[in-house]
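Asks: Contents of start_7.cif (mmCIF, C-alpha atoms and all ligand atoms):
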data_my_file
#
loop_
_atom_site.label_atom_id
_atom_site.label_comp_id
_atom_site.auth_asym_id
_atom_site.auth_seq_id
_atom_site.Cartn_x
_atom_site.Cartn_y
_atom_site.Cartn_z
CA MET T 221 -12.59 -89.07 -92.48
CA SER T 222 -15.39 -89.44 -89.99
CA VAL T 223 -15.44 -90.74 -86.46
CA THR T 224 -15.82 -94.52 -86.42
CA ILE T 225 -17.71 -96.76 -84.00
CA LYS T 226 -15.70 -99.88 -83.25
CA SER T 227 -17.17 -103.38 -83.46
CA ALA T 228 -16.96 -105.83 -80.56
CA ARG T 229 -14.06 -107.58 -82.32
CA GLU T 230 -12.17 -104.32 -82.88
CA ILE T 231 -12.66 -103.39 -79.23
CA GLU T 232 -11.25 -106.75 -78.13
CA LEU T 233 -8.10 -106.14 -80.20
CA MET T 234 -7.75 -102.62 -78.82
CA ARG T 235 -8.13 -103.97 -75.27
CA GLU T 236 -5.16 -106.24 -75.92
CA ALA T 237 -3.13 -103.41 -77.51
CA GLY T 238 -3.95 -101.30 -74.45
CA ARG T 239 -3.09 -104.04 -71.97
CA VAL T 240 0.34 -104.54 -73.52
CA LEU T 241 0.97 -100.79 -73.56
CA ALA T 242 0.03 -100.55 -69.87
CA ILE T 243 2.62 -103.23 -69.13
CA VAL T 244 5.22 -101.38 -71.23
CA HIS T 245 4.69 -98.18 -69.27
CA ASP T 246 4.72 -100.00 -65.96
CA GLU T 247 8.00 -101.74 -66.78
CA LEU T 248 9.62 -98.58 -68.12
CA GLY T 249 8.57 -96.66 -65.02
CA LYS T 250 10.33 -99.24 -62.86
CA ALA T 251 13.44 -99.27 -65.08
CA ILE T 252 14.09 -95.52 -65.24
CA LYS T 253 17.24 -94.61 -63.29
CA PRO T 254 19.72 -91.74 -63.24
CA GLY T 255 22.58 -92.43 -65.66
CA MET T 256 20.43 -94.22 -68.25
CA THR T 257 20.45 -92.97 -71.82
CA THR T 258 17.21 -92.10 -73.55
CA TYR T 259 18.30 -94.62 -76.20
CA ALA T 260 18.35 -97.40 -73.58
CA ILE T 261 14.79 -96.50 -72.55
CA ASP T 262 13.68 -96.73 -76.18
CA LYS T 263 15.38 -100.10 -76.74
CA LEU T 264 13.88 -101.57 -73.58
CA GLY T 265 10.44 -100.32 -74.56
CA GLU T 266 10.71 -101.77 -78.04
CA GLU T 267 11.86 -105.11 -76.63
CA ILE T 268 8.88 -105.34 -74.28
CA ILE T 269 6.42 -104.39 -77.04
CA ARG T 270 7.80 -107.06 -79.38
CA SER T 271 7.92 -109.69 -76.63
CA TYR T 272 4.10 -109.55 -76.61
CA GLY T 273 3.90 -110.03 -80.37
CA CYS T 274 3.03 -106.37 -80.91
CA ILE T 275 4.55 -103.71 -83.17
CA PRO T 276 5.78 -100.29 -81.97
CA SER T 277 3.59 -97.92 -83.97
CA PHE T 278 5.81 -94.85 -83.67
CA LEU T 279 8.85 -96.47 -85.29
CA ASN T 280 9.11 -94.94 -88.79
CA TYR T 281 5.78 -93.13 -88.35
CA GLU T 282 6.19 -90.18 -90.73
CA GLY T 283 9.91 -90.82 -90.39
CA TYR T 284 10.09 -90.82 -86.58
CA PRO T 285 13.23 -92.91 -85.82
CA ALA T 286 12.31 -94.69 -82.55
CA SER T 287 9.64 -96.70 -80.72
CA ILE T 288 9.32 -94.53 -77.62
CA CYS T 289 9.22 -90.73 -77.58
CA VAL T 290 11.46 -89.68 -74.68
CA SER T 291 11.04 -86.02 -73.69
CA VAL T 292 13.10 -84.61 -70.83
CA ASN T 293 12.24 -81.57 -68.65
CA ASP T 294 11.31 -78.67 -71.00
CA GLU T 295 10.73 -81.09 -73.88
CA VAL T 296 6.97 -81.42 -74.25
CA VAL T 297 6.67 -84.41 -76.59
CA HIS T 298 8.37 -86.22 -79.48
CA GLY T 299 11.89 -86.15 -78.03
CA ILE T 300 14.17 -88.44 -80.04
CA PRO T 301 16.08 -91.07 -78.04
CA SER T 302 19.86 -90.69 -78.20
CA LYS T 303 22.90 -92.64 -77.05
CA LYS T 304 24.41 -89.32 -75.98
CA ARG T 305 21.54 -88.17 -73.78
CA TYR T 306 21.79 -89.28 -70.15
CA ILE T 307 18.96 -88.72 -67.72
CA LYS T 308 19.94 -87.55 -64.25
CA GLU T 309 18.56 -87.27 -60.75
CA GLY T 310 15.94 -84.51 -60.61
CA ASP T 311 14.86 -84.76 -64.25
CA ILE T 312 11.31 -85.44 -65.31
CA VAL T 313 10.95 -87.73 -68.32
CA SER T 314 7.84 -88.07 -70.46
CA LEU T 315 7.51 -91.40 -72.25
CA ASP T 316 5.00 -91.73 -75.07
CA ALA T 317 4.46 -95.05 -76.78
CA GLY T 318 2.11 -96.74 -79.22
CA VAL T 319 1.42 -100.41 -79.81
CA ILE T 320 -0.25 -102.26 -82.67
CA TYR T 321 -1.90 -105.62 -81.99
CA LYS T 322 -3.37 -107.41 -85.00
CA GLY T 323 -3.82 -104.11 -86.83
CA TYR T 324 -5.28 -102.14 -83.91
CA HIS T 325 -3.60 -99.33 -82.00
CA SER T 326 -3.21 -98.09 -78.46
CA ASP T 327 -1.39 -94.89 -77.51
CA ALA T 328 -0.41 -93.72 -74.01
CA ALA T 329 2.06 -91.45 -72.22
CA ARG T 330 3.37 -90.99 -68.68
CA THR T 331 5.74 -88.50 -67.08
CA HIS T 332 8.19 -90.03 -64.60
CA ALA T 333 10.44 -88.58 -61.91
CA VAL T 334 14.11 -89.53 -62.09
CA GLY T 335 15.08 -90.03 -58.45
CA GLU T 336 14.14 -87.11 -56.21
CA ILE T 337 12.52 -84.19 -58.03
CA SER T 338 11.39 -80.71 -56.94
CA ASP T 339 7.99 -80.16 -55.38
CA GLU T 340 6.99 -77.98 -58.31
CA ALA T 341 7.83 -80.79 -60.75
CA LYS T 342 5.84 -83.28 -58.65
CA LYS T 343 2.85 -80.99 -58.64
CA LEU T 344 3.03 -80.51 -62.42
CA ILE T 345 3.05 -84.27 -63.00
CA GLU T 346 0.11 -84.80 -60.61
CA VAL T 347 -1.99 -81.98 -62.05
CA THR T 348 -1.35 -83.16 -65.61
CA LYS T 349 -2.53 -86.67 -64.74
CA GLN T 350 -5.54 -85.34 -62.85
CA SER T 351 -6.47 -83.08 -65.80
CA PHE T 352 -6.95 -86.26 -67.85
CA TYR T 353 -9.28 -87.62 -65.15
CA GLU T 354 -11.17 -84.32 -65.00
CA GLY T 355 -11.64 -84.54 -68.76
CA ILE T 356 -12.92 -88.09 -68.87
CA LYS T 357 -15.70 -87.25 -66.42
CA PHE T 358 -17.39 -86.13 -69.66
CA ALA T 359 -16.23 -89.09 -71.76
CA LYS T 360 -19.52 -90.90 -72.07
CA GLU T 361 -22.33 -91.36 -74.54
CA GLY T 362 -24.43 -88.21 -74.88
CA CYS T 363 -21.74 -85.77 -73.75
CA TYR T 364 -20.04 -83.46 -76.24
CA LEU T 365 -16.35 -83.69 -77.09
CA HIS T 366 -15.56 -80.14 -76.07
CA GLN T 367 -16.80 -80.79 -72.54
CA ILE T 368 -13.75 -83.04 -72.19
CA SER T 369 -11.50 -80.35 -73.68
CA ALA T 370 -12.84 -77.60 -71.42
CA ALA T 371 -12.59 -79.72 -68.27
CA ILE T 372 -8.94 -80.56 -68.96
CA GLY T 373 -7.97 -77.00 -69.79
CA ASP T 374 -9.90 -75.32 -66.97
CA TYR T 375 -8.40 -77.66 -64.39
CA ALA T 376 -4.79 -77.16 -65.55
CA GLU T 377 -5.22 -73.41 -65.91
CA SER T 378 -6.62 -73.14 -62.39
CA PHE T 379 -3.03 -73.88 -61.26
CA GLY T 380 -1.64 -71.15 -63.52
CA TYR T 381 -0.18 -73.68 -65.94
CA GLY T 382 0.11 -73.30 -69.71
CA VAL T 383 -1.97 -75.73 -71.76
CA VAL T 384 -0.32 -76.67 -75.05
CA GLU T 385 -2.54 -75.86 -78.02
CA ASP T 386 -0.34 -76.82 -80.97
CA LEU T 387 -0.77 -80.55 -80.37
CA VAL T 388 -4.00 -82.33 -79.47
CA GLY T 389 -5.49 -85.73 -78.70
CA HIS T 390 -7.20 -87.83 -81.35
CA GLY T 391 -9.42 -90.72 -82.28
CA ILE T 392 -7.58 -94.04 -82.56
CA GLY T 393 -8.30 -97.52 -83.86
CA HIS T 394 -7.18 -99.15 -87.07
CA ASN T 395 -5.03 -96.01 -87.42
CA LEU T 396 -2.89 -94.24 -84.83
CA HIS T 397 -4.52 -90.91 -85.62
CA GLU T 398 -8.20 -90.82 -86.51
CA ASP T 399 -10.90 -88.18 -86.24
CA PRO T 400 -11.82 -86.36 -84.09
CA GLN T 401 -9.05 -84.05 -82.93
CA ILE T 402 -9.30 -83.56 -79.16
CA PRO T 403 -8.01 -80.19 -77.90
CA ASN T 404 -6.99 -79.89 -74.26
CA PHE T 405 -8.49 -76.42 -73.89
CA ARG T 406 -11.82 -74.62 -74.10
CA CYS T 407 -12.95 -74.06 -77.70
CA ARG T 408 -15.87 -72.65 -79.64
CA GLY T 409 -18.76 -74.97 -80.36
CA LYS T 410 -19.69 -78.23 -78.72
CA GLY T 411 -17.70 -80.66 -80.81
CA ILE T 412 -19.12 -84.03 -81.78
CA LYS T 413 -21.65 -85.88 -79.65
CA LEU T 414 -19.96 -88.91 -78.08
CA GLN T 415 -21.30 -92.38 -78.76
CA ALA T 416 -20.55 -95.78 -77.26
CA GLY T 417 -17.90 -97.58 -79.32
CA MET T 418 -15.78 -94.51 -80.07
CA THR T 419 -12.14 -94.91 -79.06
CA LEU T 420 -10.13 -91.82 -78.18
CA ALA T 421 -6.55 -90.97 -77.17
CA ILE T 422 -6.81 -88.12 -74.67
CA GLU T 423 -3.48 -86.50 -73.92
CA PRO T 424 -3.03 -83.29 -71.96
CA MET T 425 0.39 -81.64 -72.43
CA ILE T 426 0.87 -79.08 -69.66
CA ASN T 427 3.66 -76.55 -69.04
CA ILE T 428 4.54 -74.78 -65.81
CA GLY T 429 5.01 -71.54 -67.77
CA THR T 430 3.80 -70.39 -71.15
CA TYR T 431 1.43 -72.51 -73.27
CA GLU T 432 3.59 -71.68 -76.29
CA VAL T 433 5.93 -74.27 -77.77
CA ASP T 434 8.79 -74.39 -80.28
CA PHE T 435 10.04 -77.21 -82.46
CA LEU T 436 13.74 -78.08 -82.63
CA ASP T 437 15.74 -78.42 -85.84
CA ASP T 438 15.58 -82.22 -85.58
CA GLY T 439 12.09 -81.78 -87.00
CA TRP T 440 10.41 -83.50 -84.04
CA THR T 441 11.26 -82.36 -80.53
CA CYS T 442 8.65 -80.00 -79.15
CA VAL T 443 9.89 -77.75 -76.31
CA THR T 444 8.29 -75.13 -74.09
CA GLY T 445 8.65 -71.55 -75.34
CA ASP T 446 10.17 -70.36 -72.05
CA GLY T 447 12.23 -73.39 -71.00
CA SER T 448 9.80 -74.30 -68.21
CA LEU T 449 9.05 -77.93 -67.35
CA SER T 450 6.35 -79.83 -69.22
CA ALA T 451 4.39 -83.02 -68.45
CA HIS T 452 2.28 -85.36 -70.58
CA TYR T 453 -0.36 -87.91 -69.61
CA GLU T 454 -2.27 -89.96 -72.15
CA ASN T 455 -4.53 -92.98 -72.32
CA THR T 456 -6.58 -94.70 -74.97
CA ILE T 457 -10.19 -94.93 -73.81
CA LEU T 458 -13.43 -96.52 -74.98
CA ILE T 459 -16.65 -94.53 -74.79
CA THR T 460 -19.56 -96.49 -73.32
CA LYS T 461 -23.03 -95.58 -72.12
CA GLY T 462 -21.59 -95.25 -68.62
CA GLU T 463 -18.07 -94.76 -67.32
CA PRO T 464 -15.36 -94.83 -70.00
CA GLU T 465 -13.14 -97.88 -70.13
CA ILE T 466 -9.47 -96.89 -69.92
CA LEU T 467 -7.77 -99.42 -72.20
CA SER T 468 -4.14 -98.50 -71.49
CA ILE T 469 -3.94 -98.90 -67.71
CA LEU T 470 -3.36 -102.09 -65.72
CA LYS T 471 -6.61 -103.55 -64.42
N1 LIG T 501 1.80 -90.11 -79.33
C1 LIG T 501 1.87 -89.20 -80.39
C2 LIG T 501 0.49 -88.79 -80.53
O1 LIG T 501 -0.16 -88.81 -79.70
C3 LIG T 501 2.33 -89.75 -81.65
C4 LIG T 501 3.75 -89.70 -81.80
S1 LIG T 501 4.10 -89.96 -83.41
C5 LIG T 501 5.72 -90.15 -83.44
O2 LIG T 501 -0.18 -88.54 -81.34
F1 LIG T 501 6.00 -90.22 -84.66
F2 LIG T 501 6.32 -89.20 -82.82
F3 LIG T 501 6.03 -91.23 -82.89
CO CO T 502 -1.54 -89.69 -79.03
#
Could you write out this file's structure as structure tokens?
Ligand code: MF3
Ligand code: CO

Replies:
Amino acid sequence: MSVTIKSAREIELMREAGRVLAIVHDELGKAIKPGMTTYAIDKLGEEIIRSYGCIPSFLNYEGYPASICVSVNDEVVHGIPSKKRYIKEGDIVSLDAGVIYKGYHSDAARTHAVGEISDEAKKLIEVTKQSFYEGIKFAKEGCYLHQISAAIGDYAESFGYGVVEDLVGHGIGHNLHEDPQIPNFRCRGKGIKLQAGMTLAIEPMINIGTYEVDFLDDGWTCVTGDGSLSAHYENTILITKGEPEILSILK
């Protein structure tokens, strides 16, 4: 598969998918409270997605059983919501969600604090979000993909954090995952040259400790190799000739 340039119509549909996803994340952020189950977060997210006439793209994706990936503390991504899993004061919770509107996708993730959290957890969440913004300084026509990757990785590593390498960002559009793959770390070569009309999901996954991760026996949940906390921040963006347009944040 090659990297596609979206038409004006496709971009319009992705804007709507992104707008709905921004609302979903905003609402979930407000709803998160100690004592909630991760299952309740998933159900609420699914309800909001469907209330806008959209489809949750993760549900049944390669067998994934929920609409929202809910990953707590040392869980990096792809945590499976459960009626038995309660979130508590001091936890950090990463929510990853995808929305389909008229056949077009958006994908975004946020890490939230549950009540009061430690200063080190706050800093991890902030740095992870900022690493996305450092990366997209290079998300414009004429730049090379790996400039984004290097900027994300260098920023996160400057705090001594571990940058996850086993999972990466991706192109997005008519499919949830399209070319190119978008690493969050420095790599060999320049990567593709960016062009206006490309749509990308950029998603740093950053650990306080080691960059290494393990996968649990449920076949999905990705956890840090050393049990340290992990944060995730993701948006779907549109490459233009100037500043990128972030499709999955509230405007
Ligand atoms: N958000 C994930 C990604 O970025 C996709 C999760 S797929 C699921 O690529 F199956 F876990 F839902
Ligand atoms: Co993604």

Asks: Point out the residue among T:Lys461, T:His452, T:Lys410, T:His397 with the least atom-to-atom distance to ligand LIG 501 (chain T), counting only C-alpha atoms and all ligand atoms.

Replies: T:His397

Asks: Please give me, as a list in words, the residues lying within 9 Å of ligand CO 502 (chain T) when counting only C-alpha atoms and all ligand atoms.

Replies: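 Those within range of ligand CO 502 (chain T) are Asp316, Ala317, Gly318, Ser326, Asp327, Ala328, Ala329, Val388, Gly389, His390, Gly391, Ile392, Leu396, His397, Leu420, Ala421, Ile422, Glu423, Glu454, Asn455 and Thr456 of chain T.
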
Asks: Would you tabulate, counting only C-alpha atoms and all ligand atoms, all residues of chain T that have an atom at most 6 Å from an atom of ligand LIG 501 (chain T), showing the closest pair of atoms and their distance in Å to one decimal, sorted by chain then ascending number, as CSV?

Replies:
residue,atom,partner,partner_atom,distance
T:Phe278,CA,T:LIG501,F3,3.7
T:Tyr281,CA,T:LIG501,F1,4.7
T:Tyr284,CA,T:LIG501,F1,4.6
T:His298,CA,T:LIG501,F2,4.9
T:Asp316,CA,T:LIG501,N1,5.6

Asks: Can you tell me how far CA of Ala371 in chain T sits from CA of Asp446 in chain T, in Å to one decimal?

Replies: 24.9 Å

Asks: Separation of CA of Tyr364 in chain T and CA of Arg239 in chain T, in Å?

Replies: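 Pair CA of Tyr364 in chain T / CA of Arg239 in chain T returns 27.0 Å.
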
Asks: Compare T:Val223, T:Pro301, T:Phe379, T:Leu233 by their minimum atom-to-atom distance to Ala260 in chain T, counting only C-alpha atoms, and give me the closest one.

Replies: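 When distances to Ala260 in chain T are compared using only C-alpha atoms, the smallest one comes from T:Pro301.
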
Asks: Ranking T:Gly335, T:Pro424, T:Gly249, T:Pro403 by minimum distance to Thr348 in chain T and counting only C-alpha atoms, which one comes first?

Replies: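 So, comparing all the options, the nearest one is T:Pro424.
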
Asks: For Thr258 in chain T, which residue among T:Gln401, T:Ile412, T:Ile225, T:Arg305 is the nearest when counting all atoms listed in the file?

Replies: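 Closest to Thr258 in chain T of all the choices is T:Arg305.
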
Asks: Can you list, as a PyMOL selection string, every protein, DNA or RNA residue that comes within 12 Å of Gly273 in chain T when you count only C-alpha atoms, leaving out same-chain residues fewer than 2 positions away?

Replies: chain T and resi 236-237+240-241+266-271+275-276+319-323

Asks: Using all atoms listed in the file, find the one residue out of T:Lys253, T:Lys343, T:His325, T:His366 that sits nearest to Cys407 in chain T.

Replies: T:His366

Asks: Residues at most 12 Å from Met425 in chain T, counting all atoms listed in the file, excluding those fewer than 6 positions away in the same chain, as a PyMOL selection string?

Replies: chain T and resi 291+294-298+314+316+329-331+344-345+347-352+372-373+376-377+381-389+402-405+431-433+442-444+449-454

Asks: So that I have them on file, write out the residues from the current selection with C-alpha atoms, as a PDB file, in the frame of the given file.

Replies:
ATOM      1  CA  SER T 291      11.040 -86.020 -73.690  1.00  0.00           C
ATOM      2  CA  ASP T 294      11.310 -78.670 -71.000  1.00  0.00           C
ATOM      3  CA  GLU T 295      10.730 -81.090 -73.880  1.00  0.00           C
ATOM      4  CA  VAL T 296       6.970 -81.420 -74.250  1.00  0.00           C
ATOM      5  CA  VAL T 297       6.670 -84.410 -76.590  1.00  0.00           C
ATOM      6  CA  HIS T 298       8.370 -86.220 -79.480  1.00  0.00           C
ATOM      7  CA  SER T 314       7.840 -88.070 -70.460  1.00  0.00           C
ATOM      8  CA  ASP T 316       5.000 -91.730 -75.070  1.00  0.00           C
ATOM      9  CA  ALA T 329       2.060 -91.450 -72.220  1.00  0.00           C
ATOM     10  CA  ARG T 330       3.370 -90.990 -68.680  1.00  0.00           C
ATOM     11  CA  THR T 331       5.740 -88.500 -67.080  1.00  0.00           C
ATOM     12  CA  LEU T 344       3.030 -80.510 -62.420  1.00  0.00           C
ATOM     13  CA  ILE T 345       3.050 -84.270 -63.000  1.00  0.00           C
ATOM     14  CA  VAL T 347      -1.990 -81.980 -62.050  1.00  0.00           C
ATOM     15  CA  THR T 348      -1.350 -83.160 -65.610  1.00  0.00           C
ATOM     16  CA  LYS T 349      -2.530 -86.670 -64.740  1.00  0.00           C
ATOM     17  CA  GLN T 350      -5.540 -85.340 -62.850  1.00  0.00           C
ATOM     18  CA  SER T 351      -6.470 -83.080 -65.800  1.00  0.00           C
ATOM     19  CA  PHE T 352      -6.950 -86.260 -67.850  1.00  0.00           C
ATOM     20  CA  ILE T 372      -8.940 -80.560 -68.960  1.00  0.00           C
ATOM     21  CA  GLY T 373      -7.970 -77.000 -69.790  1.00  0.00           C
ATOM     22  CA  ALA T 376      -4.790 -77.160 -65.550  1.00  0.00           C
ATOM     23  CA  GLU T 377      -5.220 -73.410 -65.910  1.00  0.00           C
ATOM     24  CA  TYR T 381      -0.180 -73.680 -65.940  1.00  0.00           C
ATOM     25  CA  GLY T 382       0.110 -73.300 -69.710  1.00  0.00           C
ATOM     26  CA  VAL T 383      -1.970 -75.730 -71.760  1.00  0.00           C
ATOM     27  CA  VAL T 384      -0.320 -76.670 -75.050  1.00  0.00           C
ATOM     28  CA  GLU T 385      -2.540 -75.860 -78.020  1.00  0.00           C
ATOM     29  CA  ASP T 386      -0.340 -76.820 -80.970  1.00  0.00           C
ATOM     30  CA  LEU T 387      -0.770 -80.550 -80.370  1.00  0.00           C
ATOM     31  CA  VAL T 388      -4.000 -82.330 -79.470  1.00  0.00           C
ATOM     32  CA  GLY T 389      -5.490 -85.730 -78.700  1.00  0.00           C
ATOM     33  CA  ILE T 402      -9.300 -83.560 -79.160  1.00  0.00           C
ATOM     34  CA  PRO T 403      -8.010 -80.190 -77.900  1.00  0.00           C
ATOM     35  CA  ASN T 404      -6.990 -79.890 -74.260  1.00  0.00           C
ATOM     36  CA  PHE T 405      -8.490 -76.420 -73.890  1.00  0.00           C
ATOM     37  CA  TYR T 431       1.430 -72.510 -73.270  1.00  0.00           C
ATOM     38  CA  GLU T 432       3.590 -71.680 -76.290  1.00  0.00           C
ATOM     39  CA  VAL T 433       5.930 -74.270 -77.770  1.00  0.00           C
ATOM     40  CA  CYS T 442       8.650 -80.000 -79.150  1.00  0.00           C
ATOM     41  CA  VAL T 443       9.890 -77.750 -76.310  1.00  0.00           C
ATOM     42  CA  THR T 444       8.290 -75.130 -74.090  1.00  0.00           C
ATOM     43  CA  LEU T 449       9.050 -77.930 -67.350  1.00  0.00           C
ATOM     44  CA  SER T 450       6.350 -79.830 -69.220  1.00  0.00           C
ATOM     45  CA  ALA T 451       4.390 -83.020 -68.450  1.00  0.00           C
ATOM     46  CA  HIS T 452       2.280 -85.360 -70.580  1.00  0.00           C
ATOM     47  CA  TYR T 453      -0.360 -87.910 -69.610  1.00  0.00           C
ATOM     48  CA  GLU T 454      -2.270 -89.960 -72.150  1.00  0.00           C
TER      49      GLU T 454
END

Asks: What is the distance between CA of Ile466 in chain T and CA of His332 in chain T, in Å to one decimal?

Replies: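 Separating CA of Ile466 in chain T from CA of His332 in chain T is a distance of 19.7 Å.
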
Asks: Quick one: residues within 8 Å of Asp374 in chain T, only C-alpha atoms, excluding same-chain residues fewer than 4 positions away - as JSON, numbers by chain?

Replies: {"T": [370, 378, 405, 406]}

Asks: Nearest to Ser338 in chain T: which of T:Lys303, T:Tyr324, T:Gly417, T:Asn293 is it, counting all atoms listed in the file?

Replies: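 Checking each candidate against Ser338 in chain T, we get T:Asn293 as the closest.
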
Asks: Box for range 337-345 of chain T: with edges along x, y and z, all listed atoms inside and 6 Å added on each side, what are the centre and edge lengths in Å to one decimal, as JSON?

Replies:
{"center_x": 7.7, "center_y": -81.1, "center_z": -59.2, "size_x": 21.7, "size_y": 18.3, "size_z": 19.6}
